[in-house]
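K.L.:
Attaching a single structure in structure tokens format; questions to follow.
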Amino acid sequence: MRGAVLHAPRDVRVEEREDPKILAPTDAIIRLPATCVCGSDLWPYRGIDAVQEPSPMGHEYVGIVEEVGGQVTAIRPGQFVIGSFFASDNTCEICRAGYQSSCVHRELMGPLGAQAERLRVPLADGTLVATPDIPSEDLVPSFLAASDVLGTGWFGAIAAQAAPGKTVVVVGDGAVGLLAVLAAKQLGAERIIAMSRHESRQRLARDFGATDIVTERGDEGVAMIKELTGGLGAHSVIEAVGTQESMMQAIRSTRPGGHVGYVGVAHDVALPGEELFFSHVHLHGGPAPVRQYLPEFVDLILDRQIDPGKVFDLELPLEQAAEGYQAMDERRAIKVLLRP
């Protein structure tokens with residue numbers, strides 16, 4: 001099969017890869033009608049995360065089940081399914097508490113390479129959620145978004161305790177940040193402030209429910225949030241970048257007693273203990289337990305109550321994956337959809 005492989009920083013090639021096979025009786029093989037590039041894929045692409053050897057890429061996926069292992073009972077061939085970037089059994093004590101991304105048997109999907117024609121999914125019964133029927137083609141991008149960026153933005157909003165009557169700030173205008181705006185809106189937030197300097201992303205943020213746009217960053221951005229909130233800061237702040245600057249901007253934009261939901265993959269983030277101590281800010285986040293939310297997402301998307309697929313603003317054939325990476329790296333695209 002054809003699949004994207006990262007050989008070195010900024011060196012993505014689509015080449016022949018071995019077809020996936022059932023390796024454990026709990027596996028499933030799915031055919032991928034669409035796949036995509038994630039903002040977190042840009043860390044190794046830029047060389048910030050080391051690339052030691054040629055590595056299959058991609059961890060977001062939807063597909064049609066082609067084959068299942070002998071112990072798979074809940075998923076069957078022919079179904080359309082959505083999974084998450086961590087495979088999970090969905091039965092362990094941690095999964096039952098709603099943190100499937102920390103499942104005691106979790107398996108990271110990225111090394112299996114979902115930017116391809118087919119994919120092996122471990123722990124299929126616990127990982128995959130099937131739709132009632134094969135969805136219409138126009139819904140496929142939204143289901144694909146549900147496999148990571150929607151779930152990640154949603155977890156960020158929940159961790160920040162976005163709710164009716166709350167003012168929510170979103171730091172980061174990538175796909176996760178934009179879908180955190182959508183999530184905050186769905187959770188009933190009264191005011192949603194998107195921090196963005198890019199006009200196209202600002203428009204999408206407003207489409208998803210942002211009431212205000214702040215273009216300033218760092219200390220200037222914090223000052224603007226304080227100005228908009230009577231000097232207090234926001235009740236809820238979602239950090240969707242993962243840098244020192246974005247984390248401190250999030251914490252300092254939050255009022256005492258408020259909540260920060262951090263879902264940007266952290267790189268060299270160090271928190272100043274004394275400032276955090278006196279801030280009275282709650283912090284919660286990490287890898288989103290996307291599996292927890294997938295059944296709800298299926299209903300919301302099928303009922304067309306939400307359209308997270310709008311974050312895909314560039315579609316390319318899989319063979320042009322390298323162009324997709326470059327477009328996202330240069331911020332010419334929010335998120336790239338690839339068609340195998």
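Chain lettering (A, B, ...) mirrors the order of the structure tokens, residue numbering begins at 1 for each chain separately, and ligand numbering begins at 1 in order of display.
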Residues at most 12 Å from Val140 in chain A, counting only C-alpha atoms, excluding those fewer than 3 positions away in the same chain, as a PyMOL selection string?

P.N.:
chain A and resi 32-36+61-64+80-82+131+134-137+143-147+298+301-302+307-310+312+337-339

K.L.:
Which residues come within 9 Å of Val12 in chain A, counting only C-alpha atoms, excluding same-chain residues fewer than 3 positions away, as a count of residues only?

P.N.:
12

K.L.:
With only C-alpha atoms as the counted atoms, please give the residues lying no more than 9 Å from range 153-162 of chain A, apart from itself and same-chain residues fewer than 2 positions off, as a VMD selection string.

P.N.:
chain A and resid 148 to 151 164 to 168 170 175 to 185 187 to 189 235 to 240 258 to 263 282 to 290 293

K.L.:
What's the 10 Å shell around Glu245 in chain A, counting only C-alpha atoms, without same-chain residues fewer than 5 positions away, as a PDB file with all heavy atoms, in the first residue's frame?

P.N.:
```pdb
ATOM      1  N   ARG A 217      -0.502  39.211  21.556  1.00  0.00           N
ATOM      2  CA  ARG A 217       0.081  38.031  22.168  1.00  0.00           C
ATOM      3  C   ARG A 217       0.825  38.397  23.442  1.00  0.00           C
ATOM      4  O   ARG A 217       1.053  39.564  23.722  1.00  0.00           O
ATOM      5  CB  ARG A 217       1.123  37.390  21.250  1.00  0.00           C
ATOM      6  CG  ARG A 217       0.656  36.730  20.070  1.00  0.00           C
ATOM      7  CD  ARG A 217       1.771  35.927  19.433  1.00  0.00           C
ATOM      8  NE  ARG A 217       1.199  35.125  18.392  1.00  0.00           N
ATOM      9  CZ  ARG A 217       1.884  34.470  17.485  1.00  0.00           C
ATOM     10  NH1 ARG A 217       3.201  34.538  17.506  1.00  0.00           N
ATOM     11  NH2 ARG A 217       1.278  33.768  16.589  1.00  0.00           N
ATOM     12  N   GLY A 218       1.264  37.351  24.174  1.00  0.00           N
ATOM     13  CA  GLY A 218       2.117  37.548  25.330  1.00  0.00           C
ATOM     14  C   GLY A 218       1.516  38.511  26.332  1.00  0.00           C
ATOM     15  O   GLY A 218       0.313  38.479  26.614  1.00  0.00           O
ATOM     16  N   ASP A 219       2.355  39.381  26.909  1.00  0.00           N
ATOM     17  CA  ASP A 219       1.879  40.316  27.922  1.00  0.00           C
ATOM     18  C   ASP A 219       0.801  41.242  27.375  1.00  0.00           C
ATOM     19  O   ASP A 219      -0.149  41.595  28.089  1.00  0.00           O
ATOM     20  CB  ASP A 219       3.049  41.151  28.455  1.00  0.00           C
ATOM     21  CG  ASP A 219       4.032  40.316  29.275  1.00  0.00           C
ATOM     22  OD1 ASP A 219       3.655  39.208  29.699  1.00  0.00           O
ATOM     23  OD2 ASP A 219       5.173  40.782  29.474  1.00  0.00           O
ATOM     24  N   ALA A 250      -1.859  31.750  28.830  1.00  0.00           N
ATOM     25  CA  ALA A 250      -3.106  31.140  29.301  1.00  0.00           C
ATOM     26  C   ALA A 250      -3.272  31.326  30.806  1.00  0.00           C
ATOM     27  O   ALA A 250      -4.330  31.765  31.292  1.00  0.00           O
ATOM     28  CB  ALA A 250      -3.134  29.661  28.929  1.00  0.00           C
ATOM     29  N   VAL A 269       8.109  23.414  28.315  1.00  0.00           N
ATOM     30  CA  VAL A 269       7.287  24.270  29.165  1.00  0.00           C
ATOM     31  C   VAL A 269       7.703  24.069  30.620  1.00  0.00           C
ATOM     32  O   VAL A 269       7.727  22.934  31.116  1.00  0.00           O
ATOM     33  CB  VAL A 269       5.788  23.961  28.992  1.00  0.00           C
ATOM     34  CG1 VAL A 269       4.957  24.746  30.007  1.00  0.00           C
ATOM     35  CG2 VAL A 269       5.334  24.283  27.578  1.00  0.00           C
TER      36      VAL A 269
END
```

K.L.:
If we count only C-alpha atoms and set the cut-off at 12 Å, which residues sit around Leu232 in chain A, ignoring sequence neighbours fewer than 3 positions away in its own chain? Please answer as a PyMOL selection string.

P.N.:
chain A and resi 167+222-229+235-236+252-258+279

K.L.:
Write down as a ChimeraX atom specification the residues of range 38-283 of chain A whose backbone DSSP state falls under strand (DSSP E).

P.N.:
/A:55-56,62-68,80-82,86-87,107-108,118-121,129-130,167-171,191-195,212-214,234-239,254-262,282-283

K.L.:
Emit the selected residues as a short mmCIF file (atom, residue, chain, number, x, y, z; two decimals), in the first residue's frame, including N, CA and C atoms.

P.N.:
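This is the output file result-v7.cif:
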```cif
data_model
loop_
_atom_site.label_atom_id
_atom_site.label_comp_id
_atom_site.auth_asym_id
_atom_site.auth_seq_id
_atom_site.Cartn_x
_atom_site.Cartn_y
_atom_site.Cartn_z
N SER A 55 9.99 7.09 9.44
CA SER A 55 8.86 6.83 10.33
C SER A 55 7.54 7.02 9.61
N PRO A 56 6.65 6.01 9.61
CA PRO A 56 5.30 6.21 9.10
C PRO A 56 4.61 7.33 9.87
N VAL A 62 -10.45 7.52 10.07
CA VAL A 62 -11.77 6.90 9.95
C VAL A 62 -11.65 5.85 8.86
N GLY A 63 -12.54 4.88 8.83
CA GLY A 63 -12.41 3.90 7.77
C GLY A 63 -13.50 2.85 7.76
N ILE A 64 -13.41 2.01 6.75
CA ILE A 64 -14.30 0.87 6.59
C ILE A 64 -13.56 -0.38 7.05
N VAL A 65 -14.16 -1.11 7.97
CA VAL A 65 -13.52 -2.32 8.49
C VAL A 65 -13.46 -3.37 7.39
N GLU A 66 -12.25 -3.90 7.18
CA GLU A 66 -12.06 -4.96 6.19
C GLU A 66 -11.88 -6.34 6.82
N GLU A 67 -11.27 -6.38 8.00
CA GLU A 67 -10.94 -7.66 8.62
C GLU A 67 -10.81 -7.45 10.12
N VAL A 68 -11.20 -8.46 10.90
CA VAL A 68 -11.05 -8.38 12.35
C VAL A 68 -10.43 -9.67 12.87
N PHE A 80 -18.46 1.49 9.12
CA PHE A 80 -17.66 2.72 9.11
C PHE A 80 -17.34 3.05 10.57
N VAL A 81 -16.05 3.27 10.86
CA VAL A 81 -15.62 3.43 12.25
C VAL A 81 -14.71 4.65 12.40
N ILE A 82 -14.68 5.16 13.63
CA ILE A 82 -13.79 6.25 14.03
C ILE A 82 -13.00 5.77 15.23
N PHE A 86 -4.82 7.13 20.56
CA PHE A 86 -4.41 6.06 21.44
C PHE A 86 -5.43 4.93 21.32
N ALA A 87 -4.95 3.73 21.04
CA ALA A 87 -5.81 2.56 21.16
C ALA A 87 -5.99 2.26 22.65
N GLU A 107 -2.04 1.84 23.34
CA GLU A 107 -1.03 1.76 22.28
C GLU A 107 -1.13 3.02 21.43
N LEU A 108 0.00 3.68 21.23
CA LEU A 108 0.03 4.90 20.44
C LEU A 108 -0.13 4.56 18.96
N ARG A 118 -4.41 1.92 4.26
CA ARG A 118 -5.01 1.02 5.24
C ARG A 118 -4.28 1.16 6.57
N LEU A 119 -4.91 0.66 7.63
CA LEU A 119 -4.35 0.83 8.96
C LEU A 119 -4.76 -0.36 9.84
N ARG A 120 -3.80 -0.83 10.64
CA ARG A 120 -4.12 -1.82 11.68
C ARG A 120 -4.47 -1.08 12.95
N VAL A 121 -5.60 -1.43 13.55
CA VAL A 121 -6.05 -0.80 14.79
C VAL A 121 -6.03 -1.84 15.90
N VAL A 129 -15.37 3.15 17.28
CA VAL A 129 -16.81 3.41 17.43
C VAL A 129 -17.41 3.42 16.03
N ALA A 130 -18.44 2.62 15.83
CA ALA A 130 -19.08 2.51 14.51
C ALA A 130 -20.27 3.46 14.41
N THR A 167 -16.91 33.15 30.74
CA THR A 167 -16.09 33.72 29.67
C THR A 167 -14.94 32.77 29.41
N VAL A 168 -14.78 32.36 28.16
CA VAL A 168 -13.76 31.39 27.77
C VAL A 168 -12.79 32.06 26.81
N VAL A 169 -11.50 31.89 27.05
CA VAL A 169 -10.46 32.37 26.15
C VAL A 169 -9.79 31.16 25.52
N VAL A 170 -9.51 31.21 24.22
CA VAL A 170 -8.80 30.15 23.53
C VAL A 170 -7.48 30.70 23.02
N VAL A 171 -6.38 30.13 23.52
CA VAL A 171 -5.03 30.51 23.10
C VAL A 171 -4.58 29.51 22.03
N ARG A 191 -19.42 33.91 26.66
CA ARG A 191 -18.52 34.73 25.88
C ARG A 191 -17.29 33.90 25.53
N ILE A 192 -16.89 33.94 24.26
CA ILE A 192 -15.75 33.14 23.80
C ILE A 192 -14.79 34.07 23.07
N ILE A 193 -13.59 34.20 23.61
CA ILE A 193 -12.58 35.10 23.05
C ILE A 193 -11.51 34.26 22.38
N ALA A 194 -11.38 34.39 21.08
CA ALA A 194 -10.36 33.67 20.32
C ALA A 194 -9.16 34.58 20.12
N MET A 195 -7.98 34.06 20.43
CA MET A 195 -6.76 34.82 20.23
C MET A 195 -6.14 34.38 18.91
N ASP A 212 -15.54 37.39 20.44
CA ASP A 212 -14.50 38.42 20.40
C ASP A 212 -13.23 37.83 19.80
N ILE A 213 -12.42 38.68 19.18
CA ILE A 213 -11.11 38.30 18.65
C ILE A 213 -10.07 39.20 19.28
N VAL A 214 -9.00 38.60 19.79
CA VAL A 214 -7.86 39.37 20.31
C VAL A 214 -6.64 39.00 19.48
N ALA A 234 -10.30 35.68 32.55
CA ALA A 234 -11.39 34.79 32.14
C ALA A 234 -11.64 33.69 33.16
N HIS A 235 -12.86 33.19 33.17
CA HIS A 235 -13.18 32.03 34.01
C HIS A 235 -12.45 30.77 33.51
N SER A 236 -12.38 30.64 32.19
CA SER A 236 -11.88 29.42 31.56
C SER A 236 -10.95 29.79 30.42
N VAL A 237 -9.77 29.16 30.37
CA VAL A 237 -8.83 29.41 29.29
C VAL A 237 -8.34 28.06 28.75
N ILE A 238 -8.37 27.94 27.43
CA ILE A 238 -7.93 26.71 26.76
C ILE A 238 -6.60 27.00 26.08
N GLU A 239 -5.57 26.27 26.44
CA GLU A 239 -4.24 26.42 25.86
C GLU A 239 -4.07 25.33 24.81
N THR A 254 -6.15 34.01 33.16
CA THR A 254 -7.18 33.35 33.95
C THR A 254 -7.35 34.05 35.30
N ARG A 255 -8.59 34.25 35.71
CA ARG A 255 -8.84 34.90 36.99
C ARG A 255 -8.54 33.95 38.15
N PRO A 256 -8.31 34.45 39.35
CA PRO A 256 -8.16 33.58 40.51
C PRO A 256 -9.39 32.68 40.67
N GLY A 257 -9.12 31.41 40.85
CA GLY A 257 -10.21 30.44 40.93
C GLY A 257 -10.64 29.89 39.60
N GLY A 258 -10.11 30.45 38.50
CA GLY A 258 -10.46 29.98 37.17
C GLY A 258 -9.69 28.73 36.79
N HIS A 259 -9.98 28.24 35.57
CA HIS A 259 -9.44 26.96 35.13
C HIS A 259 -8.75 27.10 33.77
N VAL A 260 -7.58 26.48 33.66
CA VAL A 260 -6.87 26.35 32.39
C VAL A 260 -6.96 24.89 31.95
N GLY A 261 -7.44 24.67 30.73
CA GLY A 261 -7.40 23.35 30.11
C GLY A 261 -6.29 23.36 29.08
N TYR A 262 -5.22 22.60 29.31
CA TYR A 262 -4.09 22.64 28.38
C TYR A 262 -4.02 21.35 27.57
N HIS A 282 -6.51 26.81 38.49
CA HIS A 282 -6.53 25.35 38.35
C HIS A 282 -5.96 24.96 36.98
N LEU A 283 -5.15 23.92 36.94
CA LEU A 283 -4.60 23.41 35.68
C LEU A 283 -5.02 21.96 35.50
#
```

K.L.:
As a ChimeraX atom specification, list the residues of range 32-203 of chain A assigned to helix (DSSP H, G or I) by DSSP on the backbone atoms of this structure.

P.N.:
/A:39-45,93-96,100-102,110-112,124-127,137-146,149-159,175-186,199-203

K.L.:
Determine the nearest neighbour of Ala333 in chain A from the options A:Glu93, A:Asp11, A:Glu315, A:Glu190, counting only C-alpha atoms.

P.N.:
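Closest residue, counting only C-alpha atoms: A:Glu315.
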
K.L.:
Counting only C-alpha atoms, which residue out of A:Thr127, A:Ala210, A:Ala116, A:Glu296 sits closest to Phe85 in chain A?

P.N.:
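With only C-alpha atoms as the atom set, the closest residue is A:Thr127.
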